[in-house]
Amino acid sequence: MNYLKLTFDKLEVGEINDLVAHESCGAISLFVGTTRDNFDGKTVVLLEYEAYEAMALKTMNQICEELRARWPDIKHIGIHHRLGTVPVKEASVVIAVSSPHRKSSLEAVHFAIDELKKSVPVWKKEQYADGEGCSEWKENKECSWSKSHRDNHIL
Amino acid sequence: MSQGHRSEEVVRVNLLFFAKSRELVGTSSLDNFPLATSGGHLSGSAVLGTICERFPELVAIRDSVIIAHNEQYCEDLTEPISLADGDEIAVIPPIAGG
């Protein structure tokens, strides 16, 4: 099963772990992306996420298909992304994969978060503390049309 | 009109704006937005250009966004897109998920 979700609620890592747990599996690997309190020396007080929800779920599903093609023994996949306001230190994304042996799930989780940053239409705005310039839309360097990606791949 | 030349055809699409583009435009969607196509075809950059004519505030970020057509990225804006009434066109600033 693929358990995909976009939610405005707080992500509970244990719940997502339990979703992918299976008696035939000896491993669950988890990636938890959390919100940092600083950027470029500025204090981040708040993060706001938004998504193109239908397309985000579609691209998350494509990532699952890719994982299953590369690691056919994967049992369950869970990808939950939080939207709306996320206080610092809390999880913005949780990816969980179960497999009979650890190698597949460990590799798959790493691949999945890299792909998510590249292809899932979700946006994040950082709000900074007073006097440090109010807010900024972030760009993943993995995104091929981001400024940093373009600067590093001179067209 | 010369033979084989495709006729001009207005297609009405539904626009979606996200993140910075949504803030600049001041709305998250606009239905029945007319696009002048050639037989239903228009390049991604021409689509974006038409959107920027209607919303000049987007010109500032035009070179850093792509569009999605019916939930598919059109990363190469030079490619022609085959459009029909009711299609969804989203303005996609650089993504920042995770």
# chains A, B, ... in the order shown; residues from 1 in each chain; ligands from 1
call {"tool": "residues_around", "arguments": {"residues": "B:Val11", "least_positions_apart": "6", "cutoff": "7 Å", "atoms": "only C-alpha atoms", "output": "list of chain:residue names"}}
result
B:Pro34, B:Leu35, B:Ala36, B:Thr37, B:Gly40, B:Leu83, B:Ala84, B:Asp85
call {"tool": "select_by_dssp", "arguments": {"residues": "chain A", "states": "strand (DSSP E or B)", "output": "PyMOL selection string"}}
result
chain A and resi 2-7+27-34+38-39+42-51+77-82+84-86+91-99+122-128+135-137
call {"tool": "interface_residues", "arguments": {"of": "chain A", "to": "chain B", "cutoff": "7 Å", "atoms": "only C-alpha atoms", "output": "number ranges by chain"}}
result
A: 33, 55, 92-93, 116-117, 120-124, 137-140, 143, 145-146
call {"tool": "write_last_selection", "arguments": {"atoms": "C-alpha atoms", "output": "mmCIF file, in the first residue's frame"}}
result
data_model
loop_
_atom_site.group_PDB
_atom_site.id
_atom_site.type_symbol
_atom_site.label_atom_id
_atom_site.label_comp_id
_atom_site.auth_asym_id
_atom_site.auth_seq_id
_atom_site.Cartn_x
_atom_site.Cartn_y
_atom_site.Cartn_z
ATOM 1 C CA GLY A 33 12.146 16.517 7.698
ATOM 2 C CA MET A 55 -0.692 17.504 -8.442
ATOM 3 C CA SER A 92 7.078 19.082 7.789
ATOM 4 C CA VAL A 93 7.435 15.732 6.033
ATOM 5 C CA LEU A 116 10.136 14.816 -3.355
ATOM 6 C CA LYS A 117 12.321 17.932 -3.184
ATOM 7 C CA VAL A 120 6.378 17.628 -5.592
ATOM 8 C CA PRO A 121 4.662 21.034 -5.972
ATOM 9 C CA VAL A 122 4.858 22.321 -2.410
ATOM 10 C CA TRP A 123 6.050 25.781 -1.403
ATOM 11 C CA LYS A 124 7.492 27.122 1.826
ATOM 12 C CA TRP A 137 9.749 32.090 -0.346
ATOM 13 C CA LYS A 138 12.294 29.289 -0.321
ATOM 14 C CA GLU A 139 13.558 27.306 -3.318
ATOM 15 C CA ASN A 140 14.886 23.745 -3.219
ATOM 16 C CA CYS A 143 14.285 21.993 -8.240
ATOM 17 C CA TRP A 145 14.065 25.791 -12.319
ATOM 18 C CA SER A 146 15.285 27.192 -8.989
#
call {"tool": "residues_around", "arguments": {"residues": "stretch 48-58 of chain B", "least_positions_apart": "2", "cutoff": "10 Å", "atoms": "only C-alpha atoms", "output": "PDB file with C-alpha atoms, in the first residue's frame"}}
result
ATOM      1  CA  LEU B  15      -5.605  29.400 -14.084  1.00  0.00           C
ATOM      2  CA  LYS B  20       4.784  34.117  -4.706  1.00  0.00           C
ATOM      3  CA  SER B  21       2.736  34.206  -7.915  1.00  0.00           C
ATOM      4  CA  ARG B  22      -0.466  33.929  -5.855  1.00  0.00           C
ATOM      5  CA  GLU B  23       0.653  36.793  -3.607  1.00  0.00           C
ATOM      6  CA  LEU B  24       1.594  39.036  -6.542  1.00  0.00           C
ATOM      7  CA  VAL B  25      -1.649  38.388  -8.428  1.00  0.00           C
ATOM      8  CA  GLY B  26      -3.767  38.568  -5.295  1.00  0.00           C
ATOM      9  CA  PHE B  33      -9.063  32.688 -19.065  1.00  0.00           C
ATOM     10  CA  PRO B  34      -8.853  33.117 -22.877  1.00  0.00           C
ATOM     11  CA  LEU B  35      -5.732  32.042 -24.759  1.00  0.00           C
ATOM     12  CA  ALA B  36      -5.344  32.736 -28.469  1.00  0.00           C
ATOM     13  CA  SER B  43       4.001  27.217 -26.517  1.00  0.00           C
ATOM     14  CA  GLY B  44       4.471  27.333 -22.761  1.00  0.00           C
ATOM     15  CA  SER B  45       6.227  30.693 -23.015  1.00  0.00           C
ATOM     16  CA  ALA B  46       3.340  32.142 -25.046  1.00  0.00           C
ATOM     17  CA  ALA B  60       9.090  40.365 -12.135  1.00  0.00           C
ATOM     18  CA  ILE B  61       9.172  36.581 -11.628  1.00  0.00           C
ATOM     19  CA  ARG B  62       8.433  35.465 -15.171  1.00  0.00           C
ATOM     20  CA  ASP B  63      11.926  34.064 -15.773  1.00  0.00           C
ATOM     21  CA  VAL B  65       8.584  30.209 -12.985  1.00  0.00           C
ATOM     22  CA  ILE B  66       7.344  27.359 -15.137  1.00  0.00           C
ATOM     23  CA  ILE B  67       3.777  26.267 -15.776  1.00  0.00           C
ATOM     24  CA  LEU B  77       8.559  26.415 -22.254  1.00  0.00           C
ATOM     25  CA  ILE B  89      -2.838  25.911 -16.231  1.00  0.00           C
ATOM     26  CA  ALA B  90      -0.879  26.528 -13.032  1.00  0.00           C
ATOM     27  CA  VAL B  91       1.899  29.063 -12.513  1.00  0.00           C
TER      28      VAL B  91
END
call {"tool": "residues_around", "arguments": {"residues": "stretch 63-76 of chain A", "least_positions_apart": "2", "cutoff": "12 Å", "atoms": "only C-alpha atoms", "output": "ChimeraX atom specification"}}
result
/A:1-4,16-30,56-61,78-79,95-120
call {"tool": "closest_residue", "arguments": {"among": "B:Thr27, B:His41, B:Asp76, B:Asn32", "to": "B:Ser7", "atoms": "only C-alpha atoms"}}
result
B:His41
call {"tool": "residues_around", "arguments": {"residues": "stretch 42-54 of chain A", "least_positions_apart": "5", "cutoff": "6 Å", "atoms": "only C-alpha atoms", "output": "list in words"}}
result
Asp37, Leu83, Gly84, Thr85, Val86, Pro87, Pro121, Val122, Trp123, Lys124, Lys125, Glu126, Gln127, Tyr128 and Ala129 of chain A
call {"tool": "write_last_selection", "arguments": {"atoms": "all heavy atoms", "output": "CSV table (one decimal), in the first residue's frame"}}
result
chain,number,residue,atom,x,y,z
A,37,ASP,N,15.4,26.7,12.7
A,37,ASP,CA,15.1,28.0,13.3
A,37,ASP,C,16.0,29.1,12.7
A,37,ASP,O,16.0,30.2,13.2
A,37,ASP,CB,15.2,27.9,14.8
A,37,ASP,CG,16.6,27.8,15.3
A,37,ASP,OD1,17.5,27.5,14.5
A,37,ASP,OD2,16.8,27.9,16.5
A,83,LEU,N,1.0,20.9,5.7
A,83,LEU,CA,0.8,22.2,5.1
A,83,LEU,C,0.3,23.2,6.2
A,83,LEU,O,0.0,22.9,7.3
A,83,LEU,CB,-0.3,22.1,4.0
A,83,LEU,CG,-0.1,21.0,2.9
A,83,LEU,CD1,-1.3,20.9,2.0
A,83,LEU,CD2,1.2,21.4,2.1
A,84,GLY,N,0.3,24.5,5.7
A,84,GLY,CA,-0.1,25.5,6.7
A,84,GLY,C,1.1,25.9,7.5
A,84,GLY,O,2.2,25.7,7.2
A,85,THR,N,0.8,26.4,8.7
A,85,THR,CA,1.8,26.9,9.6
A,85,THR,C,2.5,25.7,10.3
A,85,THR,O,1.8,24.9,10.9
A,85,THR,CB,1.2,27.8,10.7
A,85,THR,OG1,0.6,28.9,10.0
A,85,THR,CG2,2.3,28.4,11.6
A,86,VAL,N,3.8,25.7,10.2
A,86,VAL,CA,4.6,24.6,11.0
A,86,VAL,C,5.6,25.4,11.9
A,86,VAL,O,6.5,26.0,11.4
A,86,VAL,CB,5.3,23.7,10.0
A,86,VAL,CG1,6.1,22.6,10.8
A,86,VAL,CG2,4.3,23.1,9.0
A,87,PRO,N,5.4,25.2,13.2
A,87,PRO,CA,6.4,25.9,14.1
A,87,PRO,C,7.7,25.2,14.0
A,87,PRO,O,7.8,24.1,13.5
A,87,PRO,CB,5.8,25.6,15.5
A,87,PRO,CG,4.4,25.1,15.3
A,87,PRO,CD,4.3,24.5,13.9
A,121,PRO,N,5.0,19.6,-6.0
A,121,PRO,CA,4.7,21.0,-6.0
A,121,PRO,C,4.1,21.5,-4.6
A,121,PRO,O,2.9,21.6,-4.4
A,121,PRO,CB,3.6,21.2,-7.1
A,121,PRO,CG,3.0,19.9,-7.2
A,121,PRO,CD,4.0,18.9,-6.9
A,122,VAL,N,5.1,21.8,-3.7
A,122,VAL,CA,4.9,22.3,-2.4
A,122,VAL,C,5.8,23.5,-2.3
A,122,VAL,O,6.9,23.5,-2.8
A,122,VAL,CB,5.2,21.3,-1.3
A,122,VAL,CG1,5.2,21.9,0.1
A,122,VAL,CG2,4.2,20.1,-1.4
A,123,TRP,N,5.3,24.6,-1.6
A,123,TRP,CA,6.1,25.8,-1.4
A,123,TRP,C,6.1,26.1,0.1
A,123,TRP,O,5.2,25.8,0.9
A,123,TRP,CB,5.4,27.0,-2.2
A,123,TRP,CG,5.5,26.7,-3.6
A,123,TRP,CD1,6.5,27.1,-4.5
A,123,TRP,CD2,4.5,26.1,-4.4
A,123,TRP,NE1,6.1,26.7,-5.8
A,123,TRP,CE2,4.9,26.1,-5.8
A,123,TRP,CE3,3.2,25.5,-4.2
A,123,TRP,CZ2,4.2,25.5,-6.8
A,123,TRP,CZ3,2.5,24.9,-5.2
A,123,TRP,CH2,3.0,25.0,-6.5
A,124,LYS,N,7.2,26.8,0.4
A,124,LYS,CA,7.5,27.1,1.8
A,124,LYS,C,7.9,28.6,1.9
A,124,LYS,O,8.8,29.0,1.2
A,124,LYS,CB,8.6,26.2,2.3
A,124,LYS,CG,9.1,26.6,3.7
A,124,LYS,CD,10.1,25.5,4.2
A,124,LYS,CE,11.4,25.5,3.6
A,124,LYS,NZ,12.3,24.5,4.2
A,125,LYS,N,7.3,29.2,2.9
A,125,LYS,CA,7.7,30.6,3.2
A,125,LYS,C,8.2,30.7,4.6
A,125,LYS,O,7.6,30.3,5.5
A,125,LYS,CB,6.5,31.5,3.0
A,125,LYS,CG,6.8,33.0,3.0
A,125,LYS,CD,5.5,33.8,2.9
A,125,LYS,CE,5.8,35.2,2.5
A,125,LYS,NZ,4.5,35.9,2.4
A,126,GLU,N,9.4,31.3,4.7
A,126,GLU,CA,10.0,31.5,6.0
A,126,GLU,C,9.7,32.9,6.5
A,126,GLU,O,9.9,33.9,5.8
A,126,GLU,CB,11.5,31.3,6.0
A,126,GLU,CG,12.0,29.9,5.9
A,126,GLU,CD,13.5,29.8,5.9
A,126,GLU,OE1,14.2,30.8,5.7
A,126,GLU,OE2,14.0,28.6,6.1
A,127,GLN,N,9.2,33.0,7.8
A,127,GLN,CA,9.0,34.3,8.4
A,127,GLN,C,10.1,34.5,9.4
A,127,GLN,O,10.3,33.6,10.2
A,127,GLN,CB,7.6,34.2,9.2
A,127,GLN,CG,6.4,33.8,8.4
A,127,GLN,CD,5.7,35.0,7.7
A,127,GLN,OE1,6.2,36.2,7.9
A,127,GLN,NE2,4.7,34.7,7.0
A,128,TYR,N,10.7,35.6,9.3
A,128,TYR,CA,11.9,35.9,10.1
A,128,TYR,C,11.5,36.8,11.3
A,128,TYR,O,10.4,37.5,11.3
A,128,TYR,CB,13.0,36.6,9.3
A,128,TYR,CG,13.4,35.8,8.2
A,128,TYR,CD1,13.2,36.2,6.9
A,128,TYR,CD2,14.0,34.5,8.3
A,128,TYR,CE1,13.6,35.4,5.8
A,128,TYR,CE2,14.3,33.7,7.3
A,128,TYR,CZ,14.1,34.2,6.0
A,128,TYR,OH,14.5,33.4,4.9
A,129,ALA,N,12.3,36.9,12.3
A,129,ALA,CA,12.1,37.7,13.5
A,129,ALA,C,12.1,39.2,13.1
A,129,ALA,O,12.7,39.5,12.0
A,129,ALA,CB,13.2,37.4,14.6
call {"tool": "select_by_dssp", "arguments": {"residues": "chain A", "states": "alpha helix (DSSP H)", "output": "JSON, numbers by chain"}}
result
{"A": [13, 14, 15, 16, 17, 18, 19, 20, 53, 54, 55, 56, 57, 58, 59, 60, 61, 62, 63, 64, 65, 66, 67, 68, 69, 70, 102, 103, 104, 105, 106, 107, 108, 109, 110, 111, 112, 113, 114, 115, 116, 117, 118, 119, 147, 148, 149, 150, 151, 152]}
call {"tool": "write_last_selection", "arguments": {"atoms": "N, CA and C atoms", "output": "compact mmCIF listing (two decimals), in the first residue's frame"}}
result
# COMPACT_ATOMS: atom_id res chain seq x y z
N VAL A 13 4.92 10.82 13.93
CA VAL A 13 5.84 9.85 13.33
C VAL A 13 5.42 8.42 13.67
N GLY A 14 5.00 8.20 14.91
CA GLY A 14 4.62 6.86 15.34
C GLY A 14 3.45 6.31 14.53
N GLU A 15 2.50 7.17 14.23
CA GLU A 15 1.33 6.74 13.46
C GLU A 15 1.73 6.28 12.06
N ILE A 16 2.64 7.03 11.44
CA ILE A 16 3.06 6.71 10.07
C ILE A 16 3.90 5.44 10.08
N ASN A 17 4.71 5.29 11.13
CA ASN A 17 5.46 4.04 11.33
C ASN A 17 4.49 2.85 11.38
N ASP A 18 3.42 3.00 12.16
CA ASP A 18 2.47 1.89 12.33
C ASP A 18 1.72 1.59 11.03
N LEU A 19 1.49 2.62 10.21
CA LEU A 19 0.81 2.41 8.93
C LEU A 19 1.59 1.46 8.03
N VAL A 20 2.92 1.60 8.01
CA VAL A 20 3.72 0.81 7.07
C VAL A 20 4.23 -0.50 7.68
N GLU A 53 -2.42 20.74 -4.40
CA GLU A 53 -2.68 19.48 -3.72
C GLU A 53 -2.88 18.29 -4.66
N ALA A 54 -3.72 18.46 -5.69
CA ALA A 54 -3.99 17.33 -6.59
C ALA A 54 -2.70 16.87 -7.29
N MET A 55 -1.93 17.85 -7.73
CA MET A 55 -0.69 17.50 -8.44
C MET A 55 0.36 16.96 -7.49
N ALA A 56 0.38 17.46 -6.26
CA ALA A 56 1.33 16.97 -5.26
C ALA A 56 1.07 15.50 -4.98
N LEU A 57 -0.20 15.13 -4.82
CA LEU A 57 -0.52 13.72 -4.57
C LEU A 57 -0.16 12.86 -5.77
N LYS A 58 -0.37 13.42 -6.95
CA LYS A 58 -0.03 12.68 -8.18
C LYS A 58 1.48 12.45 -8.26
N THR A 59 2.27 13.47 -7.98
CA THR A 59 3.73 13.30 -8.07
C THR A 59 4.24 12.41 -6.93
N MET A 60 3.58 12.46 -5.75
CA MET A 60 3.98 11.55 -4.66
C MET A 60 3.70 10.11 -5.09
N ASN A 61 2.61 9.90 -5.80
CA ASN A 61 2.28 8.57 -6.29
C ASN A 61 3.31 8.09 -7.32
N GLN A 62 3.76 9.02 -8.16
CA GLN A 62 4.80 8.67 -9.14
C GLN A 62 6.10 8.26 -8.43
N ILE A 63 6.42 8.95 -7.33
CA ILE A 63 7.61 8.58 -6.55
C ILE A 63 7.45 7.16 -6.02
N CYS A 64 6.27 6.81 -5.53
CA CYS A 64 6.03 5.45 -5.03
C CYS A 64 6.24 4.41 -6.13
N GLU A 65 5.74 4.72 -7.32
CA GLU A 65 5.92 3.79 -8.44
C GLU A 65 7.39 3.59 -8.75
N GLU A 66 8.13 4.70 -8.72
CA GLU A 66 9.57 4.64 -8.98
C GLU A 66 10.28 3.81 -7.90
N LEU A 67 9.89 4.00 -6.64
CA LEU A 67 10.50 3.23 -5.55
C LEU A 67 10.24 1.74 -5.75
N ARG A 68 9.00 1.40 -6.11
CA ARG A 68 8.66 -0.03 -6.26
C ARG A 68 9.34 -0.65 -7.47
N ALA A 69 9.63 0.16 -8.50
CA ALA A 69 10.36 -0.36 -9.66
C ALA A 69 11.82 -0.62 -9.28
N ARG A 70 12.38 0.27 -8.45
CA ARG A 70 13.79 0.13 -8.10
C ARG A 70 14.02 -0.88 -6.99
N ARG A 102 16.69 -4.52 5.60
CA ARG A 102 16.86 -3.07 5.77
C ARG A 102 17.38 -2.33 4.55
N LYS A 103 18.17 -3.01 3.70
CA LYS A 103 18.84 -2.29 2.60
C LYS A 103 17.84 -1.56 1.70
N SER A 104 16.79 -2.25 1.31
CA SER A 104 15.80 -1.64 0.40
C SER A 104 15.14 -0.43 1.02
N SER A 105 14.69 -0.57 2.27
CA SER A 105 13.95 0.55 2.85
C SER A 105 14.85 1.75 3.12
N LEU A 106 16.10 1.48 3.54
CA LEU A 106 17.04 2.59 3.79
C LEU A 106 17.32 3.36 2.50
N GLU A 107 17.62 2.62 1.44
CA GLU A 107 17.93 3.28 0.17
C GLU A 107 16.70 3.99 -0.40
N ALA A 108 15.56 3.35 -0.26
CA ALA A 108 14.33 3.91 -0.83
C ALA A 108 13.93 5.23 -0.17
N VAL A 109 14.10 5.30 1.14
CA VAL A 109 13.74 6.53 1.86
C VAL A 109 14.62 7.70 1.41
N HIS A 110 15.92 7.42 1.25
CA HIS A 110 16.84 8.45 0.79
C HIS A 110 16.44 8.95 -0.61
N PHE A 111 16.18 7.99 -1.49
CA PHE A 111 15.78 8.33 -2.86
C PHE A 111 14.47 9.14 -2.84
N ALA A 112 13.54 8.72 -2.00
CA ALA A 112 12.21 9.34 -1.97
C ALA A 112 12.27 10.81 -1.55
N ILE A 113 13.07 11.14 -0.55
CA ILE A 113 13.10 12.55 -0.12
C ILE A 113 13.79 13.41 -1.17
N ASP A 114 14.82 12.86 -1.83
CA ASP A 114 15.47 13.63 -2.91
C ASP A 114 14.49 13.90 -4.05
N GLU A 115 13.71 12.90 -4.41
CA GLU A 115 12.74 13.06 -5.49
C GLU A 115 11.63 14.02 -5.09
N LEU A 116 11.20 13.92 -3.84
CA LEU A 116 10.14 14.82 -3.36
C LEU A 116 10.57 16.27 -3.49
N LYS A 117 11.83 16.55 -3.10
CA LYS A 117 12.32 17.93 -3.18
C LYS A 117 12.42 18.42 -4.62
N LYS A 118 12.61 17.47 -5.54
CA LYS A 118 12.76 17.78 -6.95
C LYS A 118 11.42 18.00 -7.65
N SER A 119 10.38 17.25 -7.25
CA SER A 119 9.20 17.18 -8.11
C SER A 119 7.84 17.46 -7.48
N LYS A 147 16.71 29.13 -8.71
CA LYS A 147 17.85 29.99 -9.04
C LYS A 147 19.17 29.27 -8.81
N SER A 148 19.31 28.59 -7.67
CA SER A 148 20.60 27.95 -7.38
C SER A 148 20.89 26.83 -8.36
N HIS A 149 19.85 26.11 -8.79
CA HIS A 149 20.06 25.04 -9.76
C HIS A 149 20.50 25.62 -11.10
N ARG A 150 19.85 26.72 -11.50
CA ARG A 150 20.20 27.35 -12.77
C ARG A 150 21.61 27.92 -12.74
N ASP A 151 21.98 28.53 -11.58
CA ASP A 151 23.32 29.12 -11.47
C ASP A 151 24.41 28.05 -11.56
N ASN A 152 24.09 26.83 -11.08
CA ASN A 152 25.08 25.76 -11.09
C ASN A 152 25.10 24.96 -12.37
call {"tool": "residues_around", "arguments": {"residues": "A:Thr7", "least_positions_apart": "6", "cutoff": "8 Å", "atoms": "only C-alpha atoms", "output": "VMD selection string"}}
result
chain A and resid 80 to 83
call {"tool": "atom_distance", "arguments": {"atom1": "atom CA of A:Cys134", "atom2": "atom CA of A:Thr35"}}
result
17.3 Å
call {"tool": "atom_distance", "arguments": {"atom1": "atom CA of B:Asp87", "atom2": "atom CA of A:Leu6"}}
result
23.8 Å
